[in-house]
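Q: Take a look at this one; I'll ask things after.
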2 protein chains.
Amino acid sequence: MELEFWYEFASTYSYLTVMRIEDVAAREGISVRWRPFLLGPIFAAQGWNDSPFNIYPAKGRYMWRDLERRANAYGLPFRRPTRFPRNGLLAARTAVVASDEGWCPSFTRAVFRANFVEDREIGDAAVVKEILAEIGRVGDEALARAGADDVKHALRAQTEKAQALGIFGAPSFLAGDELFWGDDHLEEAITWLRERKGDRASP
Amino acid sequence: MELEFWYEFASTYSYLTVMRIEDVAAREGISVRWRPFLLGPIFAAQGWNDSPFNIYPAKGRYMWRDLERRANAYGLPFRRPTRFPRNGLLAARTAVVASDEGWCPSFTRAVFRANFVEDREIGDAAVVKEILAEIGRVGDEALARAGADDVKHALRAQTEKAQALGIFGAPSFLAGDELFWGDDHLEEAITWLRERKGDRASP
């Protein structure tokens, strides 16, 4: 049984899920397919050229407080970044390479830690290269791959697929045909997947 | 210990909370203060002249499916209204009267049932009058009170207070000074209230 985990590197609530999804899923015998995509084009289609948390200040104030509360409840470190949102394009392209090569989860966690714990500028190639080194990768090679046309196309296709699935925010989860939105619905998505599997197994 | 429950009669997710909050709170020894307010002026201040679920169709499609799923999980009846959102102004004014007179919860549940189970036009005075009769009230008296200036002012003041508290959607919960948003965070708000009370009681 596999849960699809759709996330965007700039997304605050994705941070919570990135740090905890593998433990939560493993406890339930579920594997996770990591699906990086870009929210920018999806937001742009809704007429937003910035994060809704910046466009709507009351929503933004609530989100920062809520994120702090929830990180605390999960026992996760968290520091509010001095810049938000950071550009996740290069990280997302690199994550496409990482998916092909089997190191997407560790790379993703390192980037989210850099942004939401260490307040580093994940939009900069130099920072992404440092992060790659931290997880034992050769930065120049991965970044060269990340800049290739096939990788750009793959990320664009993944983002179009997200939109076609009805995804409008991150994190989102696809459990079979069923979509769940928000870190606070991770457990519900997993339960849904388990119960539907149960249905299929019954006579 | 008292949880403030802020809700709007047109709000879909408020339906879930309205139908379950008293049981959930009672199990935890918490009482509930019902706080009807209007989302319209708060949305208008954000530049929206309609529900965001209508303005952003992907969000809307998700909400209707999610609502159905969650109502089902709670064992609550639910039928998607043929019109959304319905005007909750008269119901909210009547709820202010009901608060003064001590019958706000039963009135509120009856209105939400009318809208989200029976698909009735809760914006019409005739329907509100029927609902009042269903809960054993004299409709003409309550509606006359609901049209009085002091009631209009009280609802306006309540809506301004919501905005001042940073409320931007419904349902919202105030647990002490702490704001929680969404039916899916009701339990978290109650836990917060209980644990803070625990803090205060310790030496």
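In the structure tokens, each chain is lettered A, B, ... as it comes, each chain's residues begin at 1, and ligands are numbered from 1 in order of appearance.
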Give me the least-squares superposed chain B (reference chain A; all C-alpha atoms paired in order) as a short mmCIF file (atom, residue, chain, number, x, y, z; two decimals) with C-alpha atoms, in the first residue's frame.
A:
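And here's selection.cif as it stands now:
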```
data_model
loop_
_atom_site.label_atom_id
_atom_site.label_comp_id
_atom_site.auth_asym_id
_atom_site.auth_seq_id
_atom_site.Cartn_x
_atom_site.Cartn_y
_atom_site.Cartn_z
CA MET B 1 -0.01 -0.01 -0.03
CA GLU B 2 1.39 3.35 -1.04
CA LEU B 3 0.48 6.86 -0.03
CA GLU B 4 1.36 9.65 -2.48
CA PHE B 5 2.76 12.64 -0.63
CA TRP B 6 2.57 15.85 -2.66
CA TYR B 7 4.62 18.73 -1.30
CA GLU B 8 6.19 22.08 -2.20
CA PHE B 9 9.53 23.20 -0.77
CA ALA B 10 8.27 26.67 0.20
CA SER B 11 5.26 25.29 2.07
CA THR B 12 5.26 25.74 5.84
CA TYR B 13 2.86 22.94 6.72
CA SER B 14 4.78 20.60 4.40
CA TYR B 15 7.67 20.97 6.87
CA LEU B 16 5.68 19.17 9.57
CA THR B 17 4.77 16.32 7.25
CA VAL B 18 8.22 15.95 5.73
CA MET B 19 9.72 15.43 9.17
CA ARG B 20 7.19 12.88 10.41
CA ILE B 21 5.58 11.06 7.48
CA GLU B 22 7.99 8.13 7.24
CA ASP B 23 7.60 7.21 10.92
CA VAL B 24 3.81 7.58 10.84
CA ALA B 25 3.45 5.58 7.62
CA ALA B 26 5.90 2.87 8.70
CA ARG B 27 3.95 2.28 11.92
CA GLU B 28 0.90 1.54 9.77
CA GLY B 29 2.74 -0.59 7.22
CA ILE B 30 2.32 2.01 4.48
CA SER B 31 5.03 3.12 2.06
CA VAL B 32 5.32 6.70 0.85
CA ARG B 33 5.80 7.97 -2.69
CA TRP B 34 7.36 11.46 -2.49
CA ARG B 35 5.94 13.82 -5.09
CA PRO B 36 7.54 17.27 -5.16
CA PHE B 37 5.65 19.82 -7.24
CA LEU B 38 5.35 23.60 -7.58
CA LEU B 39 2.52 25.53 -5.98
CA GLY B 40 3.47 28.75 -7.82
CA PRO B 41 1.72 27.92 -11.11
CA ILE B 42 -1.34 26.62 -9.22
CA PHE B 43 -1.54 29.78 -7.11
CA ALA B 44 -0.99 31.92 -10.22
CA ALA B 45 -3.97 30.22 -11.87
CA GLN B 46 -6.02 31.40 -8.87
CA GLY B 47 -4.81 34.95 -9.32
CA TRP B 48 -2.21 34.89 -6.52
CA ASN B 49 1.34 36.04 -7.11
CA ASP B 50 2.43 35.44 -3.52
CA SER B 51 1.66 33.00 -0.72
CA PRO B 52 -1.94 33.36 0.52
CA PHE B 53 -0.37 33.65 3.99
CA ASN B 54 1.19 36.93 2.86
CA ILE B 55 -1.82 38.10 0.85
CA TYR B 56 -4.21 37.50 3.78
CA PRO B 57 -2.44 38.69 6.94
CA ALA B 58 -4.90 37.23 9.50
CA LYS B 59 -4.46 33.80 7.89
CA GLY B 60 -0.69 34.32 7.92
CA ARG B 61 -0.54 35.30 11.60
CA TYR B 62 -2.61 32.27 12.49
CA MET B 63 -0.44 29.94 10.39
CA TRP B 64 2.83 30.98 12.05
CA ARG B 65 1.39 30.53 15.53
CA ASP B 66 -0.27 27.24 14.58
CA LEU B 67 2.93 25.94 13.02
CA GLU B 68 4.90 26.74 16.18
CA ARG B 69 2.24 25.03 18.31
CA ARG B 70 2.14 21.93 16.14
CA ALA B 71 5.92 21.62 15.77
CA ASN B 72 6.07 21.80 19.54
CA ALA B 73 3.41 19.11 19.93
CA TYR B 74 5.34 16.84 17.54
CA GLY B 75 8.65 17.59 19.27
CA LEU B 76 10.07 19.10 16.07
CA PRO B 77 12.49 22.03 16.06
CA PHE B 78 11.16 25.10 14.30
CA ARG B 79 12.39 28.64 13.69
CA ARG B 80 10.34 31.10 11.67
CA PRO B 81 12.33 31.90 8.52
CA THR B 82 13.30 35.55 8.09
CA ARG B 83 12.08 35.29 4.51
CA PHE B 84 8.86 33.67 3.32
CA PRO B 85 8.18 32.12 0.93
CA ARG B 86 11.59 31.05 -0.33
CA ASN B 87 11.92 29.97 -3.94
CA GLY B 88 11.71 26.17 -4.05
CA LEU B 89 12.29 25.74 -7.78
CA LEU B 90 15.91 24.53 -7.69
CA ALA B 91 15.22 22.29 -4.70
CA ALA B 92 12.21 20.79 -6.51
CA ARG B 93 14.25 20.10 -9.65
CA THR B 94 16.96 18.52 -7.55
CA ALA B 95 14.31 16.43 -5.80
CA VAL B 96 13.23 15.08 -9.20
CA VAL B 97 16.82 13.91 -9.74
CA ALA B 98 16.86 12.54 -6.19
CA SER B 99 13.64 10.60 -6.87
CA ASP B 100 15.22 8.94 -9.90
CA GLU B 101 18.27 8.02 -7.88
CA GLY B 102 16.54 6.98 -4.65
CA TRP B 103 17.60 9.72 -2.19
CA CYS B 104 14.58 12.03 -2.32
CA PRO B 105 13.43 11.70 1.33
CA SER B 106 16.80 12.51 2.89
CA PHE B 107 17.38 15.40 0.50
CA THR B 108 13.90 16.78 1.13
CA ARG B 109 14.28 16.61 4.91
CA ALA B 110 17.63 18.39 4.70
CA VAL B 111 16.17 21.21 2.60
CA PHE B 112 13.18 21.68 4.91
CA ARG B 113 15.49 21.70 7.93
CA ALA B 114 17.65 24.33 6.23
CA ASN B 115 14.61 26.54 5.57
CA PHE B 116 12.49 26.07 8.68
CA VAL B 117 15.08 25.36 11.35
CA GLU B 118 18.34 26.91 10.14
CA ASP B 119 16.84 29.87 8.23
CA ARG B 120 19.05 29.32 5.19
CA GLU B 121 18.33 30.61 1.68
CA ILE B 122 17.25 27.42 -0.05
CA GLY B 123 16.64 29.31 -3.30
CA ASP B 124 20.41 29.80 -3.73
CA ALA B 125 22.36 27.20 -5.72
CA ALA B 126 25.27 27.54 -3.26
CA VAL B 127 23.01 26.55 -0.34
CA VAL B 128 21.49 23.62 -2.24
CA LYS B 129 25.04 22.50 -3.01
CA GLU B 130 25.95 22.66 0.71
CA ILE B 131 22.85 20.65 1.56
CA LEU B 132 23.78 18.03 -1.02
CA ALA B 133 27.21 17.76 0.59
CA GLU B 134 25.60 17.39 4.02
CA ILE B 135 23.72 14.30 2.84
CA GLY B 136 26.78 12.87 1.13
CA ARG B 137 26.06 13.77 -2.51
CA VAL B 138 28.31 15.40 -5.06
CA GLY B 139 26.64 18.78 -5.43
CA ASP B 140 27.97 19.71 -8.87
CA GLU B 141 26.77 16.49 -10.44
CA ALA B 142 23.29 16.67 -8.94
CA LEU B 143 22.89 20.36 -9.83
CA ALA B 144 24.01 19.74 -13.40
CA ARG B 145 21.37 17.02 -13.68
CA ALA B 146 18.78 19.32 -12.04
CA GLY B 147 19.35 21.89 -14.79
CA ALA B 148 18.76 19.42 -17.63
CA ASP B 149 15.71 19.79 -19.84
CA ASP B 150 14.27 16.37 -19.07
CA VAL B 151 14.27 17.21 -15.35
CA LYS B 152 12.61 20.57 -15.95
CA HIS B 153 9.97 18.84 -18.05
CA ALA B 154 9.43 16.14 -15.46
CA LEU B 155 8.80 18.74 -12.74
CA ARG B 156 6.44 20.65 -15.01
CA ALA B 157 4.56 17.44 -15.78
CA GLN B 158 4.37 16.59 -12.08
CA THR B 159 2.93 20.05 -11.33
CA GLU B 160 0.36 19.66 -14.12
CA LYS B 161 -0.57 16.28 -12.71
CA ALA B 162 -1.07 17.84 -9.28
CA GLN B 163 -3.40 20.40 -10.78
CA ALA B 164 -5.29 17.70 -12.70
CA LEU B 165 -5.73 15.76 -9.45
CA GLY B 166 -7.42 18.82 -7.93
CA ILE B 167 -4.49 19.68 -5.66
CA PHE B 168 -4.60 23.33 -4.56
CA GLY B 169 -2.26 23.38 -1.55
CA ALA B 170 0.48 21.47 0.22
CA PRO B 171 0.94 19.05 1.75
CA SER B 172 -1.64 16.90 -0.03
CA PHE B 173 -2.06 13.14 0.10
CA LEU B 174 -3.48 10.79 -2.46
CA ALA B 175 -4.82 7.58 -0.94
CA GLY B 176 -6.00 5.56 -3.91
CA ASP B 177 -8.34 8.01 -5.68
CA GLU B 178 -9.00 10.02 -2.56
CA LEU B 179 -7.39 13.40 -1.91
CA PHE B 180 -6.57 14.75 1.55
CA TRP B 181 -5.14 18.19 2.22
CA GLY B 182 -3.05 19.37 5.14
CA ASP B 183 -0.54 17.90 7.57
CA ASP B 184 -3.40 17.56 10.05
CA HIS B 185 -5.03 15.02 7.70
CA LEU B 186 -2.06 12.72 7.22
CA GLU B 187 -3.38 10.17 9.70
CA GLU B 188 -6.84 10.29 8.09
CA ALA B 189 -5.32 9.61 4.66
CA ILE B 190 -3.40 6.62 6.02
CA THR B 191 -6.51 5.26 7.73
CA TRP B 192 -8.45 5.66 4.48
CA LEU B 193 -5.79 3.72 2.57
CA ARG B 194 -5.73 0.92 5.14
CA GLU B 195 -9.50 0.58 5.28
CA ARG B 196 -9.91 0.51 1.49
CA LYS B 197 -7.23 -2.16 1.32
CA GLY B 198 -9.25 -4.05 3.94
CA ASP B 199 -12.33 -3.75 1.71
CA ARG B 200 -10.47 -5.15 -1.25
CA ALA B 201 -9.16 -8.11 0.73
CA SER B 202 -12.60 -9.14 2.01
CA PRO B 203 -14.55 -11.64 -0.11
#
```
Q: Please return as a list of chain:residue names: the residues of chain B that backbone DSSP assigns to strand (DSSP E or B).
A: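 Secondary structure check on chain B, strand (DSSP E or B): B:Glu2, B:Leu3, B:Glu4, B:Phe5, B:Trp6, B:Tyr7, B:Ser31, B:Val32, B:Arg33, B:Trp34, B:Arg35, B:Pro36, B:Ser172, B:Phe173, B:Leu174, B:Ala175, B:Glu178, B:Leu179, B:Phe180, B:Trp181.
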Q: Would you list, as a PyMOL selection string, the residues of stretch 25-64 of chain B that end up in alpha helix (DSSP H) under DSSP run on this structure's backbone?
A: chain B and resi 25-27+40-45+52-55+57-64
